[in-house]
file work.cif (mmCIF, C-alpha atoms)
data_protein
#
loop_
_atom_site.label_atom_id
_atom_site.label_comp_id
_atom_site.auth_asym_id
_atom_site.auth_seq_id
_atom_site.Cartn_x
_atom_site.Cartn_y
_atom_site.Cartn_z
CA MET V 1 95.04 48.81 148.30
CA PHE V 2 98.12 47.17 146.87
CA ARG V 3 96.00 45.54 144.22
CA GLY V 4 94.59 48.94 143.26
CA VAL V 5 98.05 50.41 142.79
CA LEU V 6 99.18 47.38 140.81
CA GLY V 7 96.13 47.56 138.60
CA LYS V 8 96.69 51.24 137.93
CA THR V 9 100.40 50.71 137.19
CA LEU V 10 99.64 47.91 134.76
CA GLY V 11 97.05 50.09 133.10
CA LEU V 12 99.58 52.89 132.73
CA VAL V 13 102.20 50.53 131.29
CA GLY V 14 99.67 49.12 128.85
CA LEU V 15 98.69 52.59 127.71
CA THR V 16 102.33 53.60 127.27
CA VAL V 17 103.04 50.50 125.20
CA GLN V 18 99.98 51.15 123.06
CA TYR V 19 100.86 54.79 122.38
CA GLY V 20 104.50 53.88 121.82
CA CYS V 21 103.45 51.40 119.16
CA ILE V 22 101.15 53.91 117.49
CA ALA V 23 104.04 56.43 117.49
CA HIS V 24 106.36 53.86 115.94
CA CYS V 25 103.84 53.10 113.19
CA ALA V 26 103.35 56.81 112.51
CA PHE V 27 107.09 57.53 112.24
CA GLU V 28 107.80 54.42 110.21
CA TYR V 29 104.92 54.43 107.76
CA ILE V 30 103.59 57.98 107.60
CA GLY V 31 106.42 60.48 108.02
CA GLU V 32 108.70 62.42 110.29
CA LEU V 33 110.18 65.88 110.77
CA VAL V 34 113.85 66.21 109.88
CA VAL V 35 116.30 68.97 110.78
CA CYS V 36 118.81 69.35 107.98
CA SER V 37 122.41 70.40 108.30
CA GLY V 38 125.17 70.88 105.76
CA PRO V 39 125.60 72.83 102.53
CA SER V 40 125.08 70.04 100.00
CA MET V 41 121.50 70.92 99.09
CA GLU V 42 121.80 74.70 98.84
CA PRO V 43 119.91 76.76 97.73
CA THR V 44 116.92 74.39 97.97
CA ILE V 45 117.57 73.42 101.61
CA VAL V 46 120.02 75.28 103.83
CA GLY V 47 121.35 74.39 107.28
CA LYS V 48 118.85 74.39 110.21
CA ASP V 49 115.83 74.05 107.90
CA VAL V 50 113.10 71.74 109.15
CA VAL V 51 111.44 69.59 106.50
CA PHE V 52 108.73 66.96 106.54
CA SER V 53 109.77 63.65 105.04
CA GLU V 54 106.96 61.27 104.13
CA HIS V 55 107.52 57.53 104.20
CA VAL V 56 104.52 56.39 102.19
CA SER V 57 106.16 56.70 98.74
CA ARG V 58 109.17 54.76 99.86
CA HIS V 59 107.13 51.77 101.05
CA LEU V 60 104.99 51.82 97.93
CA PHE V 61 108.10 52.12 95.72
CA LYS V 62 106.87 55.36 94.18
CA ILE V 63 110.06 57.45 94.51
CA GLU V 64 110.64 59.32 91.25
CA LYS V 65 113.47 61.12 89.48
CA GLY V 66 113.80 64.63 90.84
CA ASP V 67 112.53 63.77 94.35
CA ILE V 68 114.55 64.89 97.33
CA VAL V 69 115.05 61.93 99.65
CA ILE V 70 116.47 61.25 103.10
CA ALA V 71 118.57 58.07 103.06
CA LYS V 72 120.86 56.17 105.42
CA SER V 73 124.48 56.78 104.57
CA ALA V 74 126.00 53.76 102.81
CA SER V 75 129.22 54.03 104.78
CA ASP V 76 127.72 54.82 108.20
CA PRO V 77 124.21 53.51 108.91
CA HIS V 78 123.80 55.82 111.91
CA MET V 79 124.05 58.91 109.68
CA ASN V 80 121.42 60.20 107.30
CA ILE V 81 121.97 62.05 104.05
CA CYS V 82 119.60 64.35 102.20
CA LYS V 83 120.03 64.37 98.42
CA ARG V 84 118.07 64.52 95.20
CA VAL V 85 117.34 61.45 93.07
CA ILE V 86 118.98 62.02 89.69
CA GLY V 87 118.41 58.54 88.29
CA LEU V 88 116.44 55.38 89.12
CA GLU V 89 117.47 51.82 88.24
CA GLY V 90 118.23 51.50 84.55
CA ASP V 91 118.53 55.27 83.97
CA LYS V 92 121.51 56.88 82.29
CA VAL V 93 123.39 59.34 84.50
CA CYS V 94 126.26 61.66 83.74
CA THR V 95 129.34 60.94 85.84
CA SER V 96 131.52 63.74 84.54
CA SER V 97 131.27 67.26 85.91
CA PRO V 98 129.82 70.07 83.76
CA SER V 99 133.29 71.57 83.24
CA ASP V 100 134.78 68.40 81.69
CA ILE V 101 135.26 68.32 77.94
CA PHE V 102 134.55 64.61 77.53
CA LYS V 103 131.29 63.52 79.07
CA THR V 104 131.08 60.07 80.63
CA HIS V 105 127.86 58.25 81.41
CA THR V 106 126.87 55.19 83.34
CA PHE V 107 123.68 53.26 83.92
CA VAL V 108 122.23 52.91 87.39
CA PRO V 109 122.20 49.19 88.40
CA LEU V 110 119.06 47.28 89.44
CA GLY V 111 117.78 48.04 92.91
CA HIS V 112 119.85 51.26 93.21
CA VAL V 113 119.38 55.02 92.79
CA TRP V 114 121.79 57.82 91.88
CA LEU V 115 121.80 60.68 94.35
CA GLU V 116 123.31 64.14 93.95
CA GLY V 117 123.13 67.28 96.06
CA ASP V 118 121.81 70.50 94.52
CA ASN V 119 125.04 72.28 95.50
CA LEU V 120 127.27 70.37 93.08
CA LYS V 121 130.44 72.15 94.14
CA ASN V 122 130.07 71.19 97.80
CA SER V 123 128.36 67.82 97.95
CA SER V 124 129.69 64.32 98.43
CA ASP V 125 127.17 62.06 96.76
CA SER V 126 126.89 59.27 94.18
CA ARG V 127 129.56 61.01 92.11
CA SER V 128 132.05 59.92 94.78
CA TYR V 129 130.54 56.83 96.40
CA GLY V 130 128.51 55.36 93.56
CA PRO V 131 124.86 54.36 93.32
CA VAL V 132 122.98 53.83 96.57
CA PRO V 133 120.72 50.78 97.20
CA TYR V 134 117.04 51.76 97.09
CA ALA V 135 116.33 50.15 100.47
CA LEU V 136 118.56 52.69 102.23
CA ILE V 137 116.06 55.43 101.37
CA ARG V 138 114.02 56.41 104.43
CA GLY V 139 111.61 58.96 103.02
CA ARG V 140 110.82 61.63 100.46
CA VAL V 141 111.06 65.30 101.47
CA CYS V 142 107.80 66.87 100.42
CA MET V 143 107.52 70.13 102.37
CA LYS V 144 109.69 72.65 104.11
CA LEU V 145 108.23 73.73 107.46
CA TRP V 146 110.88 76.13 108.82
CA PRO V 147 111.95 78.97 108.39
CA PRO V 148 108.41 80.35 108.23
CA HIS V 149 109.03 82.66 105.29
CA ARG V 150 110.05 79.70 103.12
CA VAL V 151 107.34 77.20 104.02
CA GLY V 152 106.03 75.24 101.07
CA PRO V 153 106.61 72.36 98.69
CA MET V 154 110.07 71.66 97.28
CA ASN V 155 111.33 72.97 93.95
CA GLU V 156 112.56 71.35 90.79
CA SER V 157 116.23 70.51 90.49
CA PRO V 158 118.26 73.65 89.77
CA THR V 159 121.26 71.74 88.44
CA GLY V 160 119.89 70.31 85.20
CA ARG V 161 121.64 66.99 85.77
CA ILE V 162 118.55 64.84 85.30
CA ILE V 163 118.56 63.18 81.89
CA GLN V 164 114.92 63.04 80.82
CA THR V 165 114.15 60.17 78.50
CA LYS V 166 111.94 61.40 75.69
CA PRO V 167 108.51 59.72 75.76
CA GLN V 168 107.81 57.42 72.83
CA SER V 169 106.43 59.41 69.90
CA ASP V 170 102.77 58.84 69.09
CA TRP V 171 101.90 55.50 67.71
CA ASP V 172 98.80 55.75 65.58
CA MET A 1 68.48 44.77 123.12
CA ALA A 2 70.18 43.13 120.17
CA GLN A 3 71.08 46.54 118.72
CA GLN A 4 72.80 47.59 121.94
CA ALA A 5 74.75 44.35 122.11
CA GLY A 6 75.73 44.74 118.45
CA ARG A 7 76.95 48.30 119.01
CA ARG A 8 78.95 47.25 122.09
CA TYR A 9 80.51 44.44 120.10
CA LEU A 10 81.43 46.80 117.29
CA ARG A 11 83.02 49.25 119.71
CA ALA A 12 85.01 46.48 121.39
CA PHE A 13 86.13 45.20 118.00
CA VAL A 14 87.26 48.61 116.73
CA GLY A 15 88.98 49.36 120.05
CA GLY A 16 90.78 46.03 119.98
CA PHE A 17 91.75 46.55 116.35
CA PHE A 18 93.44 49.85 117.10
CA VAL A 19 95.47 48.21 119.83
CA ALA A 20 96.31 44.97 118.07
CA VAL A 21 97.46 46.33 114.72
CA PRO A 22 100.02 48.91 115.92
CA VAL A 23 101.37 46.55 118.58
CA THR A 24 101.75 43.68 116.09
CA VAL A 25 103.38 45.91 113.48
CA THR A 26 105.79 47.34 116.08
CA VAL A 27 106.72 43.89 117.35
CA LEU A 28 107.38 42.64 113.81
CA ASP A 29 109.45 45.72 113.00
CA ARG A 30 111.45 46.05 116.19
CA VAL A 31 111.47 42.80 118.13
CA ALA A 32 111.19 39.60 116.13
CA TYR A 33 110.09 38.36 112.77
CA VAL A 34 109.42 34.86 111.53
CA ALA A 35 110.50 33.94 108.02
CA ARG A 36 110.51 30.89 105.81
CA VAL A 37 113.85 30.14 104.19
CA GLU A 38 113.48 29.45 100.49
CA GLY A 39 116.17 28.18 98.22
CA THR A 40 119.33 26.18 98.64
CA SER A 41 121.93 28.89 99.12
CA MET A 42 122.50 28.09 102.80
CA GLN A 43 122.68 24.31 102.49
CA PRO A 44 123.57 22.14 104.32
CA PHE A 45 122.89 24.28 107.38
CA LEU A 46 119.46 25.59 106.38
CA ASN A 47 116.99 23.70 104.17
CA PRO A 48 119.02 20.47 104.01
CA GLU A 49 116.10 18.66 102.39
CA GLY A 50 115.75 21.24 99.66
CA VAL A 51 112.34 22.22 98.34
CA SER A 52 110.36 19.47 100.09
CA ALA A 53 110.71 20.89 103.62
CA CYS A 54 111.58 24.57 104.12
CA ASP A 55 113.04 25.73 107.41
CA VAL A 56 111.37 28.55 109.28
CA VAL A 57 113.70 30.80 111.28
CA LEU A 58 113.16 33.37 113.98
CA LEU A 59 114.76 36.69 113.03
CA ASN A 60 115.80 38.79 115.98
CA ARG A 61 115.32 42.42 114.95
CA TRP A 62 116.15 43.87 118.37
CA ARG A 63 119.74 42.53 118.10
CA VAL A 64 120.46 44.55 114.98
CA ARG A 65 118.93 47.83 116.10
CA ASN A 66 122.45 49.26 116.48
CA TYR A 67 123.78 47.32 113.48
CA GLU A 68 126.02 45.09 115.61
CA VAL A 69 126.96 41.85 113.91
CA HIS A 70 129.79 39.36 114.27
CA ARG A 71 131.57 37.16 111.76
CA GLY A 72 129.77 33.84 111.42
CA ASP A 73 126.31 35.22 112.24
CA ILE A 74 123.46 34.31 109.93
CA VAL A 75 121.61 37.48 109.06
CA SER A 76 118.79 38.59 106.81
CA VAL A 77 119.44 41.64 104.65
CA VAL A 78 117.36 43.51 102.09
CA SER A 79 118.68 42.42 98.70
CA PRO A 80 120.68 45.23 97.05
CA LYS A 81 119.40 43.99 93.69
CA ASN A 82 115.71 43.98 94.65
CA PRO A 83 114.47 46.09 97.58
CA GLN A 84 111.30 43.99 97.87
CA GLN A 85 113.22 40.83 98.72
CA LYS A 86 115.09 39.73 101.83
CA ILE A 87 117.96 37.28 101.63
CA ILE A 88 119.44 35.13 104.40
CA LYS A 89 123.19 34.66 104.36
CA ARG A 90 126.18 34.29 106.66
CA VAL A 91 128.41 37.23 107.57
CA VAL A 92 131.92 36.26 106.53
CA ALA A 93 133.77 39.55 106.94
CA LEU A 94 133.25 42.93 108.57
CA GLU A 95 134.43 46.40 107.55
CA GLY A 96 138.19 46.67 107.27
CA ASP A 97 138.77 42.94 106.73
CA PHE A 98 140.92 41.78 103.85
CA ILE A 99 139.38 38.74 102.13
CA ARG A 100 139.73 36.41 99.21
CA THR A 101 136.58 36.33 97.10
CA LEU A 102 134.99 33.42 95.21
CA GLY A 103 134.19 34.61 91.73
CA TYR A 104 133.87 38.35 92.35
CA LYS A 105 135.40 40.77 89.87
CA LYS A 106 138.29 41.47 92.26
CA ARG A 107 140.23 38.48 93.56
CA TYR A 108 141.21 40.11 96.87
CA LEU A 109 139.57 43.07 98.46
CA ARG A 110 139.26 45.08 101.63
CA VAL A 111 135.67 45.42 102.84
CA PRO A 112 134.87 49.17 102.82
CA GLU A 113 133.76 51.10 105.88
CA GLY A 114 130.13 50.55 106.84
CA HIS A 115 129.83 47.39 104.70
CA LEU A 116 129.67 43.63 105.22
CA TRP A 117 130.66 40.63 103.13
CA ILE A 118 127.95 37.98 103.18
CA GLU A 119 128.03 34.52 101.62
CA GLY A 120 125.73 31.56 101.35
CA ASP A 121 127.16 28.29 102.67
CA HIS A 122 126.39 26.57 99.37
CA HIS A 123 128.98 28.23 97.14
CA GLY A 124 128.02 28.37 93.51
CA HIS A 125 124.28 28.19 94.26
CA SER A 126 124.13 31.44 96.10
CA LEU A 127 123.38 35.04 95.14
CA ASP A 128 125.62 36.82 97.63
CA SER A 129 128.49 39.29 97.94
CA ASN A 130 130.44 37.25 95.41
CA SER A 131 127.97 38.52 92.80
CA PHE A 132 126.93 41.97 94.00
CA GLY A 133 129.86 42.98 96.19
CA PRO A 134 129.98 44.29 99.76
CA VAL A 135 126.61 45.05 101.31
CA SER A 136 125.93 48.24 103.25
CA VAL A 137 125.27 47.69 106.97
CA GLY A 138 122.17 49.88 106.66
CA LEU A 139 120.51 47.05 104.72
CA LEU A 140 120.64 44.71 107.72
CA HIS A 141 117.18 43.40 108.52
CA GLY A 142 117.54 40.80 111.28
CA HIS A 143 119.73 38.22 112.97
CA ALA A 144 118.60 34.60 112.55
CA SER A 145 118.74 33.26 116.08
CA HIS A 146 116.67 30.04 116.08
CA ILE A 147 115.29 27.50 113.66
CA ILE A 148 111.70 26.97 114.76
CA TRP A 149 110.26 24.60 112.12
CA PRO A 150 110.26 21.67 111.41
CA PRO A 151 110.10 20.56 115.05
CA ASN A 152 112.84 17.97 114.63
CA ARG A 153 115.22 20.79 113.65
CA TRP A 154 114.48 23.09 116.61
CA GLN A 155 117.81 24.64 117.60
CA ARG A 156 119.59 27.78 118.55
CA ILE A 157 121.75 28.94 115.65
CA GLN A 158 125.37 29.18 116.78
CA ARG A 159 127.85 31.56 115.28
CA SER A 160 130.32 29.67 113.08
CA LEU A 161 132.59 30.52 110.20
CA PRO A 162 133.49 27.93 107.55
CA GLU A 163 137.21 27.23 108.00
CA ASP A 164 138.37 28.38 104.61
CA ARG A 165 136.24 31.52 104.43
CA GLY A 166 137.51 33.72 107.19
CA PRO A 167 139.29 37.02 106.58
CA LEU A 168 142.97 36.89 105.64
CA LEU A 169 143.74 40.02 107.61
CA SER A 170 141.32 41.41 110.06
CA SER A 171 141.17 44.72 111.83
CA HIS A 172 139.06 43.30 114.71
CA ALA A 173 141.26 40.24 115.41
CA ALA A 174 141.88 40.92 119.10
CA GLU A 175 138.19 41.31 120.08
CA GLU A 176 137.12 38.19 118.17
CA GLU A 177 139.59 35.96 120.07
CA GLU A 178 137.85 36.73 123.35
CA GLU A 179 134.41 36.02 121.92
CA PHE A 180 135.22 32.43 120.99
#

call {"tool": "encode", "arguments": {"input": "work.cif", "output": "structure tokens"}}
result
Amino acid sequence: MFRGVLGKTLGLVGLTVQYGCIAHCAFEYIGELVVCSGPSMEPTIVGKDVVFSEHVSRHLFKIEKGDIVIAKSASDPHMNICKRVIGLEGDKVCTSSPSDIFKTHTFVPLGHVWLEGDNLKNSSDSRSYGPVPYALIRGRVCMKLWPPHRVGPMNESPTGRIIQTKPQSDWD
Amino acid sequence: MAQQAGRRYLRAFVGGFFVAVPVTVTVLDRVAYVARVEGTSMQPFLNPEGVSACDVVLLNRWRVRNYEVHRGDIVSVVSPKNPQQKIIKRVVALEGDFIRTLGYKKRYLRVPEGHLWIEGDHHGHSLDSNSFGPVSVGLLHGHASHIIWPPNRWQRIQRSLPEDRGPLLSSHAAEEEEEF
């Protein structure tokens, strides 16, 4: 009888470990649900919104300019930040605010990205703490799932801070 | 008969596959990782023979799950210059420490909050904080706990700081005294 109980317990433990590992792989490599807080991404994402952040693009290095990403905070690894990618490595980004007379620019260093919130007036982002290493990015926000009347894919950047490089003109 | 045996085999294989792959991936991500050390940046401690015989180290990923490191630990971090590469270096200073740098753009600096200062033991042949500055703690990948190959170099890696590379002023001085 003891052996029966032991066998069943071991079976249960094995099953828990197996499902735990599958859950880990799903959260790490597929995606996760994130509850956002803070005003830095208004009006695109407001406090208490639930979004789905997919991790596939990040592992395949396919994050693009204009994507909204969830990243680990550079100054506190236990905290996550949700911002938009304004520039990838090598891109030119504007470091002055729209109200400045003289515009200053900088280039994003290798292996880093430039993040800014959509709510420029109330967002602490790369304009204050500089470019963020790419490896701190956890995932790309692709869909809003709550509140129900605003479910759907994310919008383009409303701030106009992304400097689009013109594609090379046609070579005949 | 053969068809039934074949189908049973296939089912066992697929079943085993769905157990083995997630468990292996989870163990490599959360528990331990084995990595070959390439390059000479940590000589003479790691790779003393250079290219001819590379050390293989065991990286303890469970230790860094809460980002706890100490000065003198050898850790692997994701390179801030190339997110596809991991680099193995020694932690020389923690956040809040005031240090003297070797060839960085600022001669003296205070390590910012949430960052580490890492250096290779082989100064001058090492791509480390002296080139790219303080490294965010979120980039920590693992803590190198043992050298497991070649067999004649089996050992537990002890925490040790080179004498001349410690912090000049440290904000964690009291706790560190008890550790040693």

call {"tool": "closest_atom_pairs", "arguments": {"input": "work.cif", "of": "segment 54-133 of chain A", "to": "segment 28-50 of chain A", "cutoff": "12 Å", "atoms": "all atoms listed in the file", "output": "Markdown table"}}
result
| residue | atom | partner | partner_atom | distance |
| --- | --- | --- | --- | --- |
| A:Cys54 | CA | A:Asn47 | CA | 5.5 |
| A:Asp55 | CA | A:Asn47 | CA | 5.5 |
| A:Val56 | CA | A:Arg36 | CA | 4.3 |
| A:Val57 | CA | A:Ala35 | CA | 5.5 |
| A:Leu58 | CA | A:Val34 | CA | 4.7 |
| A:Leu59 | CA | A:Tyr33 | CA | 5.0 |
| A:Asn60 | CA | A:Ala32 | CA | 4.7 |
| A:Arg61 | CA | A:Val31 | CA | 5.0 |
| A:Trp62 | CA | A:Val31 | CA | 4.8 |
| A:Arg63 | CA | A:Val31 | CA | 8.3 |
| A:Val64 | CA | A:Arg30 | CA | 9.2 |
| A:Arg65 | CA | A:Arg30 | CA | 7.7 |
| A:Asn66 | CA | A:Arg30 | CA | 11.5 |
| A:Ile74 | CA | A:Met42 | CA | 9.5 |
| A:Val75 | CA | A:Met42 | CA | 11.3 |
| A:Ser76 | CA | A:Ala35 | CA | 9.6 |
| A:Gln85 | CA | A:Glu38 | CA | 11.5 |
| A:Lys86 | CA | A:Ala35 | CA | 9.6 |
| A:Ile87 | CA | A:Val37 | CA | 8.6 |
| A:Ile88 | CA | A:Val37 | CA | 7.5 |
| A:Lys89 | CA | A:Met42 | CA | 6.8 |
| A:Arg90 | CA | A:Met42 | CA | 8.2 |
| A:Val91 | CA | A:Met42 | CA | 11.9 |
| A:Ile118 | CA | A:Met42 | CA | 11.3 |
| A:Glu119 | CA | A:Met42 | CA | 8.6 |
| A:Gly120 | CA | A:Met42 | CA | 5.0 |
| A:Asp121 | CA | A:Met42 | CA | 4.7 |
| A:His122 | CA | A:Ser41 | CA | 5.0 |
| A:His123 | CA | A:Ser41 | CA | 7.4 |
| A:Gly124 | CA | A:Ser41 | CA | 8.3 |
| A:His125 | CA | A:Ser41 | CA | 5.4 |
| A:Ser126 | CA | A:Ser41 | CA | 4.5 |
| A:Leu127 | CA | A:Ser41 | CA | 7.5 |
| A:Asp128 | CA | A:Ser41 | CA | 8.9 |

call {"tool": "write_last_selection", "arguments": {"input": "work.cif", "atoms": "C-alpha atoms", "output": "short mmCIF file (atom, residue, chain, number, x, y, z; two decimals), in the coordinates of the input"}}
result
data_model
loop_
_atom_site.label_atom_id
_atom_site.label_comp_id
_atom_site.auth_asym_id
_atom_site.auth_seq_id
_atom_site.Cartn_x
_atom_site.Cartn_y
_atom_site.Cartn_z
CA CYS A 54 111.58 24.57 104.12
CA ASP A 55 113.04 25.73 107.41
CA VAL A 56 111.37 28.55 109.28
CA VAL A 57 113.70 30.80 111.28
CA LEU A 58 113.16 33.37 113.98
CA LEU A 59 114.76 36.69 113.03
CA ASN A 60 115.80 38.79 115.98
CA ARG A 61 115.32 42.42 114.95
CA TRP A 62 116.15 43.87 118.37
CA ARG A 63 119.74 42.53 118.10
CA VAL A 64 120.46 44.55 114.98
CA ARG A 65 118.93 47.83 116.10
CA ASN A 66 122.45 49.26 116.48
CA ILE A 74 123.46 34.31 109.93
CA VAL A 75 121.61 37.48 109.06
CA SER A 76 118.79 38.59 106.81
CA GLN A 85 113.22 40.83 98.72
CA LYS A 86 115.09 39.73 101.83
CA ILE A 87 117.96 37.28 101.63
CA ILE A 88 119.44 35.13 104.40
CA LYS A 89 123.19 34.66 104.36
CA ARG A 90 126.18 34.29 106.66
CA VAL A 91 128.41 37.23 107.57
CA ILE A 118 127.95 37.98 103.18
CA GLU A 119 128.03 34.52 101.62
CA GLY A 120 125.73 31.56 101.35
CA ASP A 121 127.16 28.29 102.67
CA HIS A 122 126.39 26.57 99.37
CA HIS A 123 128.98 28.23 97.14
CA GLY A 124 128.02 28.37 93.51
CA HIS A 125 124.28 28.19 94.26
CA SER A 126 124.13 31.44 96.10
CA LEU A 127 123.38 35.04 95.14
CA ASP A 128 125.62 36.82 97.63
#

call {"tool": "resolve_selection", "arguments": {"input": "work.cif", "expression": "the PyMOL selection byres ((chain V) within 7 of (chain A))", "output": "PyMOL selection string"}}
result
chain V and resi 18+21-22+24-25+72+74-77+110-111+133-136

call {"tool": "write_last_selection", "arguments": {"input": "work.cif", "atoms": "C-alpha atoms", "output": "short mmCIF file (atom, residue, chain, number, x, y, z; two decimals), in the frame of the given file"}}
result
data_model
loop_
_atom_site.label_atom_id
_atom_site.label_comp_id
_atom_site.auth_asym_id
_atom_site.auth_seq_id
_atom_site.Cartn_x
_atom_site.Cartn_y
_atom_site.Cartn_z
CA GLN V 18 99.98 51.15 123.06
CA CYS V 21 103.45 51.40 119.16
CA ILE V 22 101.15 53.91 117.49
CA HIS V 24 106.36 53.86 115.94
CA CYS V 25 103.84 53.10 113.19
CA LYS V 72 120.86 56.17 105.42
CA ALA V 74 126.00 53.76 102.81
CA SER V 75 129.22 54.03 104.78
CA ASP V 76 127.72 54.82 108.20
CA PRO V 77 124.21 53.51 108.91
CA LEU V 110 119.06 47.28 89.44
CA GLY V 111 117.78 48.04 92.91
CA PRO V 133 120.72 50.78 97.20
CA TYR V 134 117.04 51.76 97.09
CA ALA V 135 116.33 50.15 100.47
CA LEU V 136 118.56 52.69 102.23
#

call {"tool": "residues_around", "arguments": {"input": "work.cif", "residues": "Gly90 of chain V", "least_positions_apart": "5", "cutoff": "9 Å", "atoms": "only C-alpha atoms", "output": "list of chain:residue names"}}
result
V:Phe107, V:Val108, V:Pro109, V:Leu110, V:His112

call {"tool": "closest_atom_pairs", "arguments": {"input": "work.cif", "of": "segment 97-159 of chain V", "to": "segment 41-63 of chain V", "cutoff": "12 Å", "atoms": "all atoms listed in the file", "output": "tab-separated table"}}
result
residue	atom	partner	partner_atom	distance
V:Gly111	CA	V:Phe61	CA	10.9
V:His112	CA	V:Ile63	CA	11.7
V:Val113	CA	V:Ile63	CA	9.8
V:Leu115	CA	V:Met41	CA	11.3
V:Glu116	CA	V:Met41	CA	8.7
V:Gly117	CA	V:Met41	CA	5.0
V:Asp118	CA	V:Met41	CA	4.6
V:Asn119	CA	V:Met41	CA	5.2
V:Leu120	CA	V:Met41	CA	8.3
V:Lys121	CA	V:Glu42	CA	10.2
V:Asn122	CA	V:Met41	CA	8.7
V:Ser123	CA	V:Met41	CA	7.6
V:Ser124	CA	V:Met41	CA	10.5
V:Asp125	CA	V:Met41	CA	10.8
V:Tyr134	CA	V:Arg58	CA	8.9
V:Ala135	CA	V:Arg58	CA	8.5
V:Leu136	CA	V:Arg58	CA	9.9
V:Ile137	CA	V:Arg58	CA	7.1
V:Arg138	CA	V:His55	CA	6.6
V:Gly139	CA	V:His55	CA	4.5
V:Arg140	CA	V:Ser53	CA	5.1
V:Val141	CA	V:Ser53	CA	4.1
V:Cys142	CA	V:Ser53	CA	6.0
V:Met143	CA	V:Phe52	CA	5.4
V:Lys144	CA	V:Val51	CA	4.3
V:Leu145	CA	V:Val51	CA	5.3
V:Trp146	CA	V:Val50	CA	4.9
V:Pro147	CA	V:Asp49	CA	6.3
V:Pro148	CA	V:Asp49	CA	9.7
V:His149	CA	V:Asp49	CA	11.3
V:Arg150	CA	V:Asp49	CA	9.4
V:Val151	CA	V:Val51	CA	9.0
V:Gly152	CA	V:Val51	CA	9.5
V:Pro153	CA	V:Val51	CA	9.6
V:Met154	CA	V:Thr44	CA	7.4
V:Asn155	CA	V:Thr44	CA	7.0
V:Glu156	CA	V:Thr44	CA	8.9
V:Ser157	CA	V:Thr44	CA	8.5
V:Pro158	CA	V:Thr44	CA	8.3
V:Thr159	CA	V:Pro43	CA	10.6

call {"tool": "write_last_selection", "arguments": {"input": "work.cif", "atoms": "C-alpha atoms", "output": "short mmCIF file (atom, residue, chain, number, x, y, z; two decimals), in the frame of the given file"}}
result
data_model
loop_
_atom_site.label_atom_id
_atom_site.label_comp_id
_atom_site.auth_asym_id
_atom_site.auth_seq_id
_atom_site.Cartn_x
_atom_site.Cartn_y
_atom_site.Cartn_z
CA GLY V 111 117.78 48.04 92.91
CA HIS V 112 119.85 51.26 93.21
CA VAL V 113 119.38 55.02 92.79
CA LEU V 115 121.80 60.68 94.35
CA GLU V 116 123.31 64.14 93.95
CA GLY V 117 123.13 67.28 96.06
CA ASP V 118 121.81 70.50 94.52
CA ASN V 119 125.04 72.28 95.50
CA LEU V 120 127.27 70.37 93.08
CA LYS V 121 130.44 72.15 94.14
CA ASN V 122 130.07 71.19 97.80
CA SER V 123 128.36 67.82 97.95
CA SER V 124 129.69 64.32 98.43
CA ASP V 125 127.17 62.06 96.76
CA TYR V 134 117.04 51.76 97.09
CA ALA V 135 116.33 50.15 100.47
CA LEU V 136 118.56 52.69 102.23
CA ILE V 137 116.06 55.43 101.37
CA ARG V 138 114.02 56.41 104.43
CA GLY V 139 111.61 58.96 103.02
CA ARG V 140 110.82 61.63 100.46
CA VAL V 141 111.06 65.30 101.47
CA CYS V 142 107.80 66.87 100.42
CA MET V 143 107.52 70.13 102.37
CA LYS V 144 109.69 72.65 104.11
CA LEU V 145 108.23 73.73 107.46
CA TRP V 146 110.88 76.13 108.82
CA PRO V 147 111.95 78.97 108.39
CA PRO V 148 108.41 80.35 108.23
CA HIS V 149 109.03 82.66 105.29
CA ARG V 150 110.05 79.70 103.12
CA VAL V 151 107.34 77.20 104.02
CA GLY V 152 106.03 75.24 101.07
CA PRO V 153 106.61 72.36 98.69
CA MET V 154 110.07 71.66 97.28
CA ASN V 155 111.33 72.97 93.95
CA GLU V 156 112.56 71.35 90.79
CA SER V 157 116.23 70.51 90.49
CA PRO V 158 118.26 73.65 89.77
CA THR V 159 121.26 71.74 88.44
#

call {"tool": "resolve_selection", "arguments": {"input": "work.cif", "expression": "the PyMOL selection byres ((chain V and resi 84) around 7)", "output": "list in words"}}
result
Gly66, Asp67, Ile68, Val69, Lys83, Val85, Ile86, Leu115, Glu116 and Gly117 of chain V

call {"tool": "residues_around", "arguments": {"input": "work.cif", "residues": "Ser160 of chain A", "least_positions_apart": "4", "cutoff": "8 Å", "atoms": "all atoms listed in the file", "output": "ChimeraX atom specification"}}
result
/A:71-73

call {"tool": "atom_distance", "arguments": {"input": "work.cif", "atom1": "atom CA of Trp117 of chain A", "atom2": "atom CA of Gly96 of chain A"}}
result
10.5 Å

call {"tool": "atom_distance", "arguments": {"input": "work.cif", "atom1": "atom CA of Gly103 of chain A", "atom2": "atom CA of His143 of chain A"}}
result
25.9 Å

call {"tool": "axis_aligned_box", "arguments": {"input": "work.cif", "around": "segment 2-16 of chain A", "padding_each_side": "8 Å", "output": "lines of an AutoDock Vina configuration file"}}
result
center_x = 80.5
center_y = 46.2
center_z = 119.4
size_x = 36.6
size_y = 22.2
size_z = 21.4

call {"tool": "atom_distance", "arguments": {"input": "work.cif", "atom1": "atom CA of Pro131 of chain V", "atom2": "atom CA of Asp91 of chain V"}}
result
11.3 Å

call {"tool": "residues_around", "arguments": {"input": "work.cif", "residues": "Lys105 of chain A", "least_positions_apart": "4", "cutoff": "12 Å", "atoms": "all atoms listed in the file", "output": "PyMOL selection string"}}
result
chain A and resi 100-101+109+129-134

call {"tool": "residues_around", "arguments": {"input": "work.cif", "residues": "Ser170 of chain A", "least_positions_apart": "4", "cutoff": "9 Å", "atoms": "all atoms listed in the file", "output": "number ranges by chain"}}
result
A: 93-99
